[in-house]
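J.: Enclosed is the structure file structure-v7.cif (mmCIF, C-alpha atoms).
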data_model
loop_
_atom_site.label_atom_id
_atom_site.label_comp_id
_atom_site.auth_asym_id
_atom_site.auth_seq_id
_atom_site.Cartn_x
_atom_site.Cartn_y
_atom_site.Cartn_z
CA ASP A 2 0.00 0.00 0.00
CA ASN A 3 1.56 3.29 -1.19
CA THR A 4 -0.07 5.32 1.56
CA LEU A 5 1.31 3.07 4.28
CA GLU A 6 4.77 3.06 2.69
CA ALA A 7 4.75 6.85 2.39
CA ARG A 8 3.74 7.18 6.04
CA SER A 9 6.44 4.75 7.16
CA LEU A 10 9.04 6.64 5.14
CA ARG A 11 7.94 9.96 6.62
CA ILE A 12 8.18 8.56 10.15
CA ALA A 13 11.60 7.08 9.42
CA ASN A 14 12.84 10.48 8.24
CA GLU A 15 11.64 12.25 11.38
CA PRO A 16 14.49 13.24 13.74
CA PHE A 17 14.87 11.25 16.94
CA ILE A 18 13.49 13.10 19.96
CA SER A 19 14.55 11.97 23.40
CA THR A 20 11.87 11.71 26.06
CA THR A 21 14.37 12.27 28.86
CA ALA A 22 15.18 15.64 30.38
CA ARG A 23 16.88 18.02 27.99
CA GLY A 24 20.18 19.52 29.00
CA GLY A 25 21.53 19.76 32.51
CA PHE A 26 19.71 20.76 35.66
CA PHE A 27 20.19 24.45 34.89
CA SER A 28 20.50 24.54 31.09
CA GLY A 29 17.42 22.37 30.64
CA THR A 30 15.21 25.06 32.14
CA ILE A 31 15.19 27.19 28.96
CA SER A 32 14.35 24.27 26.68
CA GLY A 33 11.63 23.15 29.09
CA LEU A 34 10.03 26.59 29.19
CA ARG A 35 10.30 26.89 25.42
CA GLU A 36 8.53 23.56 25.00
CA LEU A 37 5.80 24.62 27.43
CA TRP A 38 5.30 27.86 25.52
CA GLY A 39 4.97 25.88 22.31
CA ARG A 40 2.15 23.89 23.90
CA ARG A 41 0.27 26.91 25.26
CA GLY A 42 -2.66 26.18 22.95
CA LEU A 43 -2.99 22.70 24.45
CA LEU A 44 -2.79 24.18 27.94
CA VAL A 45 -5.68 26.55 27.22
CA MET A 46 -7.70 23.66 25.81
CA LEU A 47 -7.03 21.53 28.90
CA VAL A 48 -8.08 24.37 31.22
CA ARG A 49 -11.33 24.74 29.31
CA ARG A 50 -11.89 20.99 29.49
CA GLU A 51 -11.27 20.96 33.25
CA ILE A 52 -13.78 23.77 33.78
CA ALA A 53 -16.35 22.20 31.47
CA ALA A 54 -15.97 18.80 33.18
CA LYS A 55 -16.72 20.33 36.58
CA TYR A 56 -20.04 21.77 35.44
CA LYS A 57 -21.05 19.15 32.87
CA ASP A 58 -24.82 18.56 32.80
CA SER A 59 -25.23 21.14 35.57
CA SER A 60 -28.04 23.67 35.31
CA LEU A 61 -26.39 26.08 37.79
CA GLY A 62 -22.88 25.84 36.33
CA ILE A 63 -20.37 28.15 38.00
CA VAL A 64 -22.74 28.77 40.92
CA TRP A 65 -21.68 25.41 42.33
CA SER A 66 -18.10 26.68 42.69
CA LEU A 67 -19.46 29.21 45.18
CA MET A 68 -21.65 26.82 47.15
CA ARG A 69 -18.84 25.06 49.06
CA PRO A 70 -17.13 28.20 50.45
CA ILE A 71 -20.50 29.80 51.19
CA ALA A 72 -21.62 26.65 53.02
CA GLN A 73 -18.32 26.57 54.91
CA LEU A 74 -18.71 30.24 55.76
CA ALA A 75 -22.19 29.64 57.17
CA ILE A 76 -21.04 26.64 59.24
CA TYR A 77 -17.91 28.26 60.65
CA TYR A 78 -19.65 31.56 61.28
CA PHE A 79 -22.42 29.86 63.26
CA ALA A 80 -20.32 27.19 65.00
CA ILE A 81 -17.25 29.26 65.82
CA GLY A 82 -18.51 32.82 65.48
CA VAL A 83 -21.88 32.54 67.22
CA ILE A 84 -21.73 29.40 69.37
CA LEU A 85 -18.12 29.78 70.54
CA GLY A 86 -18.32 33.58 70.54
CA ALA A 87 -15.43 34.37 68.21
CA GLN A 88 -17.40 37.18 66.58
CA ARG A 89 -17.34 39.06 69.88
CA LEU A 90 -13.51 39.13 69.77
CA VAL A 91 -12.91 39.27 66.01
CA PRO A 92 -14.41 42.32 64.27
CA ASP A 93 -16.38 41.61 61.07
CA PHE A 94 -15.91 37.89 61.66
CA ALA A 95 -17.86 36.89 58.53
CA ILE A 96 -15.60 38.93 56.24
CA PHE A 97 -12.52 37.67 58.08
CA VAL A 98 -13.54 34.03 57.56
CA PHE A 99 -14.48 34.50 53.92
CA ILE A 100 -11.09 36.06 53.13
CA GLY A 101 -9.36 33.04 54.62
CA LEU A 102 -11.69 30.56 52.91
CA THR A 103 -11.20 32.23 49.52
CA MET A 104 -7.42 31.99 49.78
CA TRP A 105 -7.47 28.49 51.22
CA THR A 106 -9.86 27.16 48.56
CA LEU A 107 -7.42 28.31 45.88
CA PHE A 108 -4.52 26.52 47.57
CA ALA A 109 -6.48 23.34 48.33
CA ASP A 110 -7.95 23.13 44.81
CA VAL A 111 -4.53 23.59 43.19
CA ILE A 112 -2.93 20.92 45.39
CA THR A 113 -5.66 18.28 45.21
CA THR A 114 -6.49 18.57 41.51
CA SER A 115 -2.85 18.85 40.43
CA THR A 116 -1.90 15.70 42.36
CA VAL A 117 -4.17 13.48 40.23
CA SER A 118 -3.87 15.48 37.01
CA ILE A 119 -1.35 13.19 35.29
CA THR A 120 -2.94 9.90 36.37
CA ASN A 121 -6.34 11.21 35.25
CA ASN A 122 -4.85 11.91 31.81
CA ALA A 123 -3.00 8.60 31.51
CA GLY A 124 -4.47 7.96 28.05
CA ILE A 125 -2.89 11.13 26.65
CA VAL A 126 0.42 10.66 28.45
CA LYS A 127 0.85 7.14 27.04
CA LYS A 128 0.13 8.15 23.46
CA VAL A 129 1.44 11.69 22.96
CA ARG A 130 4.83 13.15 23.78
CA LEU A 131 4.36 16.51 25.48
CA PRO A 132 5.60 18.41 28.53
CA ASN A 133 3.67 16.80 31.35
CA GLU A 134 3.70 20.04 33.33
CA VAL A 135 0.67 21.07 31.26
CA PHE A 136 -1.60 18.79 33.30
CA PRO A 137 -0.97 20.27 36.78
CA LEU A 138 -0.88 23.72 35.18
CA ALA A 139 -4.29 23.06 33.65
CA ALA A 140 -5.55 22.04 37.09
CA THR A 141 -4.16 25.32 38.45
CA GLY A 142 -5.95 27.25 35.71
CA SER A 143 -9.24 25.59 36.64
CA ALA A 144 -8.69 26.45 40.31
CA LEU A 145 -8.01 30.07 39.33
CA PHE A 146 -11.36 30.20 37.55
CA ALA A 147 -13.17 29.18 40.75
CA PHE A 148 -11.03 31.59 42.78
CA GLY A 149 -12.03 34.44 40.50
CA ALA A 150 -15.72 33.73 41.11
CA GLN A 151 -15.21 33.65 44.89
CA LEU A 152 -13.15 36.83 44.76
CA VAL A 153 -16.03 38.62 43.03
CA VAL A 154 -18.34 37.59 45.88
CA LEU A 155 -15.77 38.80 48.43
CA VAL A 156 -15.43 42.20 46.75
CA ILE A 157 -19.22 42.59 46.62
CA ALA A 158 -19.42 41.75 50.34
CA LEU A 159 -16.76 44.36 51.16
CA ILE A 160 -18.73 46.98 49.24
CA VAL A 161 -22.11 46.01 50.75
CA PHE A 162 -20.77 46.10 54.32
CA GLY A 163 -18.87 49.34 53.69
CA ARG A 164 -15.49 47.77 54.38
CA VAL A 165 -13.69 48.67 51.16
CA PRO A 166 -9.94 48.62 51.96
CA THR A 167 -7.70 51.59 51.20
CA GLY A 168 -4.17 52.59 52.09
CA PRO A 169 -0.77 50.98 51.59
CA ASP A 170 -1.77 47.63 53.12
CA LEU A 171 -3.87 46.97 50.01
CA LEU A 172 -0.61 46.39 48.10
CA LEU A 173 -0.18 43.19 50.10
CA ALA A 174 -3.16 41.60 48.33
CA PRO A 175 -1.55 40.91 44.91
CA LEU A 176 1.66 39.73 46.59
CA ALA A 177 -0.30 37.37 48.84
CA PHE A 178 -2.17 36.00 45.81
CA LEU A 179 1.07 35.46 43.87
CA LEU A 180 2.63 33.68 46.86
CA MET A 181 -0.31 31.31 47.26
CA LEU A 182 -0.47 30.62 43.53
CA THR A 183 3.28 30.10 43.07
CA PHE A 184 3.72 27.94 46.16
CA GLY A 185 0.63 25.86 45.42
CA THR A 186 1.62 25.32 41.78
CA ALA A 187 5.16 24.26 42.74
CA ILE A 188 3.91 21.73 45.28
CA GLY A 189 1.20 20.54 42.89
CA ILE A 190 3.67 19.83 40.09
CA VAL A 191 5.91 17.75 42.37
CA LEU A 192 2.97 15.85 43.85
CA SER A 193 1.55 15.09 40.40
CA ALA A 194 4.87 13.53 39.39
CA LEU A 195 5.21 11.51 42.61
CA ASN A 196 1.62 10.29 42.39
CA VAL A 197 2.34 8.48 39.12
CA GLY A 198 4.55 5.94 40.86
CA MET A 199 3.03 6.15 44.37
CA ARG A 200 -0.76 6.37 44.24
CA ASP A 201 -0.94 6.72 48.01
CA ILE A 202 0.22 10.31 47.53
CA GLN A 203 -3.26 11.49 46.56
CA HIS A 204 -4.73 10.06 49.78
CA ILE A 205 -1.94 11.55 51.89
CA VAL A 206 -2.65 14.93 50.29
CA GLU A 207 -6.33 14.72 51.24
CA VAL A 208 -5.38 14.21 54.90
CA ALA A 209 -2.65 16.87 54.79
CA VAL A 210 -5.07 19.46 53.40
CA VAL A 211 -7.39 18.94 56.38
CA ILE A 212 -4.51 19.30 58.85
CA LEU A 213 -3.06 22.36 57.13
CA PHE A 214 -6.47 24.03 57.14
CA TRP A 215 -6.44 24.15 60.93
CA ALA A 216 -2.75 25.08 60.94
CA SER A 217 -3.61 28.36 59.21
CA PRO A 218 -5.55 31.33 60.68
CA ILE A 219 -8.73 30.88 58.63
CA VAL A 220 -11.47 30.43 61.22
CA TYR A 221 -9.44 31.91 64.06
CA SER A 222 -7.37 35.10 64.17
CA TYR A 223 -3.57 35.10 64.32
CA THR A 224 -4.06 37.11 67.51
CA TYR A 225 -4.88 33.86 69.35
CA VAL A 226 -1.67 32.26 68.07
CA ASP A 227 0.36 35.29 69.11
CA LYS A 228 -1.09 35.23 72.63
CA ALA A 229 -0.50 31.49 72.99
CA ILE A 230 2.97 30.97 71.52
CA GLY A 231 4.14 34.41 70.39
CA GLY A 232 7.89 34.99 70.60
CA THR A 233 8.74 31.29 70.71
CA TRP A 234 10.21 28.90 68.17
CA LEU A 235 6.76 27.37 67.80
CA ALA A 236 5.49 30.69 66.46
CA GLU A 237 8.29 30.78 63.90
CA LEU A 238 7.49 27.19 62.90
CA TYR A 239 3.84 28.18 62.51
CA LEU A 240 4.82 31.10 60.27
CA ALA A 241 7.18 28.95 58.17
CA ASN A 242 4.21 27.83 56.09
CA PRO A 243 3.94 30.06 52.99
CA ALA A 244 0.18 29.43 52.82
CA THR A 245 -0.18 30.88 56.32
CA ILE A 246 1.81 33.99 55.40
CA ALA A 247 -0.29 34.46 52.24
CA ILE A 248 -3.55 34.18 54.20
CA VAL A 249 -2.45 36.56 56.95
CA ALA A 250 -1.16 39.08 54.39
CA MET A 251 -4.47 38.97 52.51
CA GLN A 252 -6.33 39.50 55.77
CA LYS A 253 -4.20 42.53 56.58
CA ALA A 254 -4.84 43.89 53.09
CA LEU A 255 -8.62 43.39 52.95
CA TRP A 256 -9.82 42.98 56.55
CA VAL A 257 -10.26 46.65 57.37
CA SER A 258 -11.82 46.23 60.81
CA GLY A 259 -9.12 43.84 61.94
CA SER A 260 -6.37 46.29 61.01
CA THR A 261 -8.00 49.32 62.65
CA ALA A 262 -9.72 47.86 65.73
CA THR A 263 -8.56 49.08 69.13
CA GLY A 264 -9.12 48.08 72.74
CA ASP A 265 -10.41 44.56 73.39
CA LEU A 266 -10.92 44.02 69.64
CA ALA A 267 -7.35 44.97 68.70
CA GLN A 268 -5.82 42.38 66.38
CA THR A 269 -2.15 41.53 65.93
CA PHE A 270 -0.24 40.48 62.84
CA PRO A 271 3.19 38.79 62.58
CA GLU A 272 6.20 41.07 62.93
CA HIS A 273 7.90 41.97 59.65
CA LEU A 274 4.97 40.50 57.70
CA GLU A 275 5.88 42.38 54.53
CA LEU A 276 9.47 41.10 54.63
CA ARG A 277 8.29 37.56 55.36
CA LEU A 278 5.91 37.80 52.39
CA LEU A 279 8.65 38.88 49.98
CA ILE A 280 11.07 36.20 51.22
CA MET A 281 8.43 33.49 50.93
CA LEU A 282 7.54 34.66 47.43
CA ALA A 283 11.19 34.47 46.36
CA ILE A 284 11.51 30.98 47.86
CA SER A 285 8.32 29.87 46.11
CA VAL A 286 9.67 31.03 42.75
CA VAL A 287 12.76 28.89 43.32
CA LEU A 288 10.54 25.97 44.36
CA LEU A 289 8.54 26.37 41.15
CA TRP A 290 11.73 26.17 39.11
CA LEU A 291 12.86 23.09 41.04
CA ALA A 292 9.44 21.52 40.54
CA GLN A 293 9.72 21.94 36.78
CA ARG A 294 13.17 20.33 36.73
CA ILE A 295 11.95 17.44 38.92
CA MET A 296 9.02 16.88 36.58
CA SER A 297 11.37 16.93 33.59
CA ARG A 298 13.58 14.30 35.19
CA MET A 299 10.78 11.98 36.23
CA SER A 300 8.46 12.27 33.22
CA ALA A 301 10.49 9.91 30.99
CA ASP A 302 9.07 6.91 32.89
CA PHE A 303 5.46 8.10 33.12
CA ALA A 304 4.16 6.22 30.08
CA GLN A 305 5.59 2.93 31.32
CA GLU A 306 4.37 3.41 34.91
CA LEU A 307 0.89 4.37 33.78
#
Do you think you could lay out the structure here as structure tokens?

T.:
Amino acid sequence: DNTLEARSLRIANEPFISTTARGGFFSGTISGLRELWGRRGLLVMLVRREIAAKYKDSSLGIVWSLMRPIAQLAIYYFAIGVILGAQRLVPDFAIFVFIGLTMWTLFADVITTSTVSITNNAGIVKKVRLPNEVFPLAATGSALFAFGAQLVVLVIALIVFGRVPTGPDLLLAPLAFLLMLTFGTAIGIVLSALNVGMRDIQHIVEVAVVILFWASPIVYSYTYVDKAIGGTWLAELYLANPATIAIVAMQKALWVSGSTATGDLAQTFPEHLELRLLIMLAISVVLLWLAQRIMSRMSADFAQEL
């Protein structure tokens, strides 16, 4: 068959492309980024597919992405704010909680969906050669879509309650967002690669997300932490989590009442928060680079392991 012979000849004339990491640990970064950029169209398509899959056959669509944080807000506000009395010590407790939930949902969605992103796309990985980073990045893009919807609700709430933030602290908001996004993406890429060979990773992540939720000041103010362990090594260990720094920085940027309250309602924030934020952001950028190199090194065996 002439068609089959022509196809075989064309394949034979194609240059050999190695599936292993290109270049050294440092030099391979440029080629890896160039390859990712060349697949940007695929990345956009995968993000759209992830979003469409979430709301497939759903009459409410994107509204469902708001239901979980709103339900959590209602539960925590009633259980911790009203029953336990936190709202008497934390000004504008509902806004405070929603800021934390919005940031945490972004981090948790990026981590959990990225971890299973490669195994969920095993059919593509086994058949097509492509930079496997696109799968956790697509999961991150889908999480960003949901975050955007929640952020709109948060901004509307700030306007309705007359708590629109102003002043220099507002500049912390984009930095806090970038820190949470960069750190979460870096961890998600590494976890997605590890989960290919060790499927227990995805279950460990589910448990870790629950633990880390309570290890961050989302439903309780950092003021309680400062009063309990402030000035000790435990406080520094608590603040060593980039997600915690991102959440606290976003609270300082948007939680107007918490930053201006005095007397019994006065709230405290970590010392040198701005410096901690910048250092954590720089570290997260390095972690993101390391995550890409780790993925590049491990991806050669994905097709066989899957």

J.: If you measure from CA of Gln73 (chain A) to CA of Leu266 (chain A), what distance in Å do you get, rounded to one decimal?

T.: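 Pair CA of Gln73 (chain A) / CA of Leu266 (chain A) returns 24.0 Å.
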
J.: For Arg164 (chain A), list every protein, DNA or RNA residue within 8 Å, evaluated using all atoms listed in the file, and leave out those in the same chain fewer than 6 positions away; present the list as a list in words.

T.: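 Within the cut-off, the hits are Trp256, Val257 and Ser258 of chain A.
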
J.: Take the residues just selected and output them with C-alpha atoms as a compact mmCIF listing (two decimals), keeping the file's coordinate frame.

T.:
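Once written, selection.txt looks like this:
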# COMPACT_ATOMS: atom_id res chain seq x y z
CA TRP A 256 -9.82 42.98 56.55
CA VAL A 257 -10.26 46.65 57.37
CA SER A 258 -11.82 46.23 60.81

J.: Ile119 (chain A): which residues within 12 Å, counting all atoms listed in the file, same-chain residues fewer than 4 positions away excluded, as a count of residues only?

T.: 37

J.: Write out as a list in words each polymer residue whose atoms come within 8 Å of region 83-98 of chain A, counting all atoms listed in the file; drop sequence neighbours fewer than 2 positions from it.

T.: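 Non-adjacent residues within range: Leu74, Tyr77, Tyr78, Phe79, Ala80, Ile81, Ile100, Gly101, Leu102, Leu155, Ala158, Leu159, Ile219, Val220, Tyr221, Ser222, Gln252, Trp256, Ser258, Gly259, Ala262, Asp265, Leu266 and Gln268 of chain A.
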
J.: Rounded to one decimal place, report the CA of Ala209 (chain A)-CA of Glu272 (chain A) distance in Å.

T.: 27.0 Å

J.: Given the file shown, enumerate the residues that the PyMOL selection byres ((chain A and resi 271) around 12) captures and present them as JSON, numbers by chain.

T.: {"A": [218, 222, 223, 224, 225, 226, 227, 228, 230, 231, 232, 236, 237, 239, 240, 241, 245, 246, 247, 248, 249, 250, 252, 253, 268, 269, 270, 272, 273, 274, 275, 276, 277, 278]}

J.: With distances taken over all atoms listed in the file, which residue among A:Met251, A:Ile284, A:Leu180, A:Ala109 lies nearest Ala147 (chain A)?

T.: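 Smallest distance to Ala147 (chain A) is found for A:Ala109.
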
J.: Is it possible to add N, CA, C and O atoms to region 121-144 of chain A and hand it back as a short mmCIF file (atom, residue, chain, number, x, y, z; two decimals), in the frame of the given file?

T.:
data_model
loop_
_atom_site.label_atom_id
_atom_site.label_comp_id
_atom_site.auth_asym_id
_atom_site.auth_seq_id
_atom_site.Cartn_x
_atom_site.Cartn_y
_atom_site.Cartn_z
N ASN A 121 -5.03 11.07 35.88
CA ASN A 121 -6.34 11.21 35.25
C ASN A 121 -6.24 11.37 33.74
O ASN A 121 -7.24 11.16 33.03
N ASN A 122 -5.07 11.74 33.25
CA ASN A 122 -4.85 11.91 31.81
C ASN A 122 -3.88 10.86 31.28
O ASN A 122 -3.13 11.12 30.33
N ALA A 123 -3.93 9.67 31.89
CA ALA A 123 -3.00 8.60 31.51
C ALA A 123 -3.10 8.25 30.03
O ALA A 123 -2.09 7.95 29.38
N GLY A 124 -4.30 8.29 29.47
CA GLY A 124 -4.47 7.96 28.05
C GLY A 124 -3.69 8.87 27.14
O GLY A 124 -3.11 8.42 26.14
N ILE A 125 -3.64 10.17 27.47
CA ILE A 125 -2.89 11.13 26.65
C ILE A 125 -1.40 10.95 26.87
O ILE A 125 -0.62 10.96 25.91
N VAL A 126 -1.00 10.77 28.12
CA VAL A 126 0.42 10.66 28.45
C VAL A 126 1.05 9.47 27.74
O VAL A 126 2.19 9.53 27.27
N LYS A 127 0.32 8.36 27.64
CA LYS A 127 0.85 7.14 27.04
C LYS A 127 0.93 7.20 25.52
O LYS A 127 1.65 6.42 24.90
N LYS A 128 0.21 8.13 24.92
CA LYS A 128 0.13 8.15 23.46
C LYS A 128 0.83 9.35 22.82
O LYS A 128 1.24 9.27 21.66
N VAL A 129 0.93 10.44 23.54
CA VAL A 129 1.44 11.69 22.96
C VAL A 129 2.62 12.19 23.78
O VAL A 129 2.55 12.23 25.02
N ARG A 130 3.69 12.56 23.09
CA ARG A 130 4.83 13.15 23.78
C ARG A 130 4.58 14.64 23.96
O ARG A 130 4.38 15.37 22.99
N LEU A 131 4.58 15.10 25.18
CA LEU A 131 4.36 16.51 25.48
C LEU A 131 4.89 16.80 26.87
O LEU A 131 5.12 15.88 27.66
N PRO A 132 5.13 18.07 27.18
CA PRO A 132 5.60 18.41 28.53
C PRO A 132 4.49 18.15 29.54
O PRO A 132 3.44 18.77 29.49
N ASN A 133 4.73 17.22 30.44
CA ASN A 133 3.67 16.80 31.35
C ASN A 133 3.29 17.86 32.38
O ASN A 133 2.31 17.68 33.11
N GLU A 134 4.06 18.93 32.44
CA GLU A 134 3.70 20.04 33.33
C GLU A 134 2.35 20.65 32.95
O GLU A 134 1.72 21.30 33.78
N VAL A 135 1.93 20.45 31.69
CA VAL A 135 0.67 21.07 31.26
C VAL A 135 -0.52 20.57 32.06
O VAL A 135 -1.50 21.30 32.23
N PHE A 136 -0.45 19.35 32.58
CA PHE A 136 -1.60 18.79 33.30
C PHE A 136 -1.79 19.44 34.67
O PHE A 136 -2.90 19.90 34.97
N PRO A 137 -0.76 19.52 35.53
CA PRO A 137 -0.97 20.27 36.78
C PRO A 137 -1.20 21.76 36.54
O PRO A 137 -1.93 22.40 37.30
N LEU A 138 -0.63 22.31 35.49
CA LEU A 138 -0.88 23.72 35.18
C LEU A 138 -2.32 23.94 34.75
O LEU A 138 -2.93 24.97 35.07
N ALA A 139 -2.88 22.97 34.02
CA ALA A 139 -4.29 23.06 33.65
C ALA A 139 -5.18 22.98 34.88
O ALA A 139 -6.20 23.69 34.98
N ALA A 140 -4.81 22.13 35.83
CA ALA A 140 -5.55 22.04 37.09
C ALA A 140 -5.49 23.37 37.84
O ALA A 140 -6.47 23.81 38.44
N THR A 141 -4.32 24.01 37.81
CA THR A 141 -4.16 25.32 38.45
C THR A 141 -5.04 26.36 37.77
O THR A 141 -5.67 27.19 38.45
N GLY A 142 -5.10 26.31 36.45
CA GLY A 142 -5.95 27.25 35.71
C GLY A 142 -7.41 27.08 36.07
O GLY A 142 -8.15 28.07 36.22
N SER A 143 -7.86 25.84 36.24
CA SER A 143 -9.24 25.59 36.64
C SER A 143 -9.51 26.12 38.04
O SER A 143 -10.57 26.70 38.31
N ALA A 144 -8.54 25.94 38.95
CA ALA A 144 -8.69 26.45 40.31
C ALA A 144 -8.74 27.98 40.32
O ALA A 144 -9.47 28.58 41.11
#
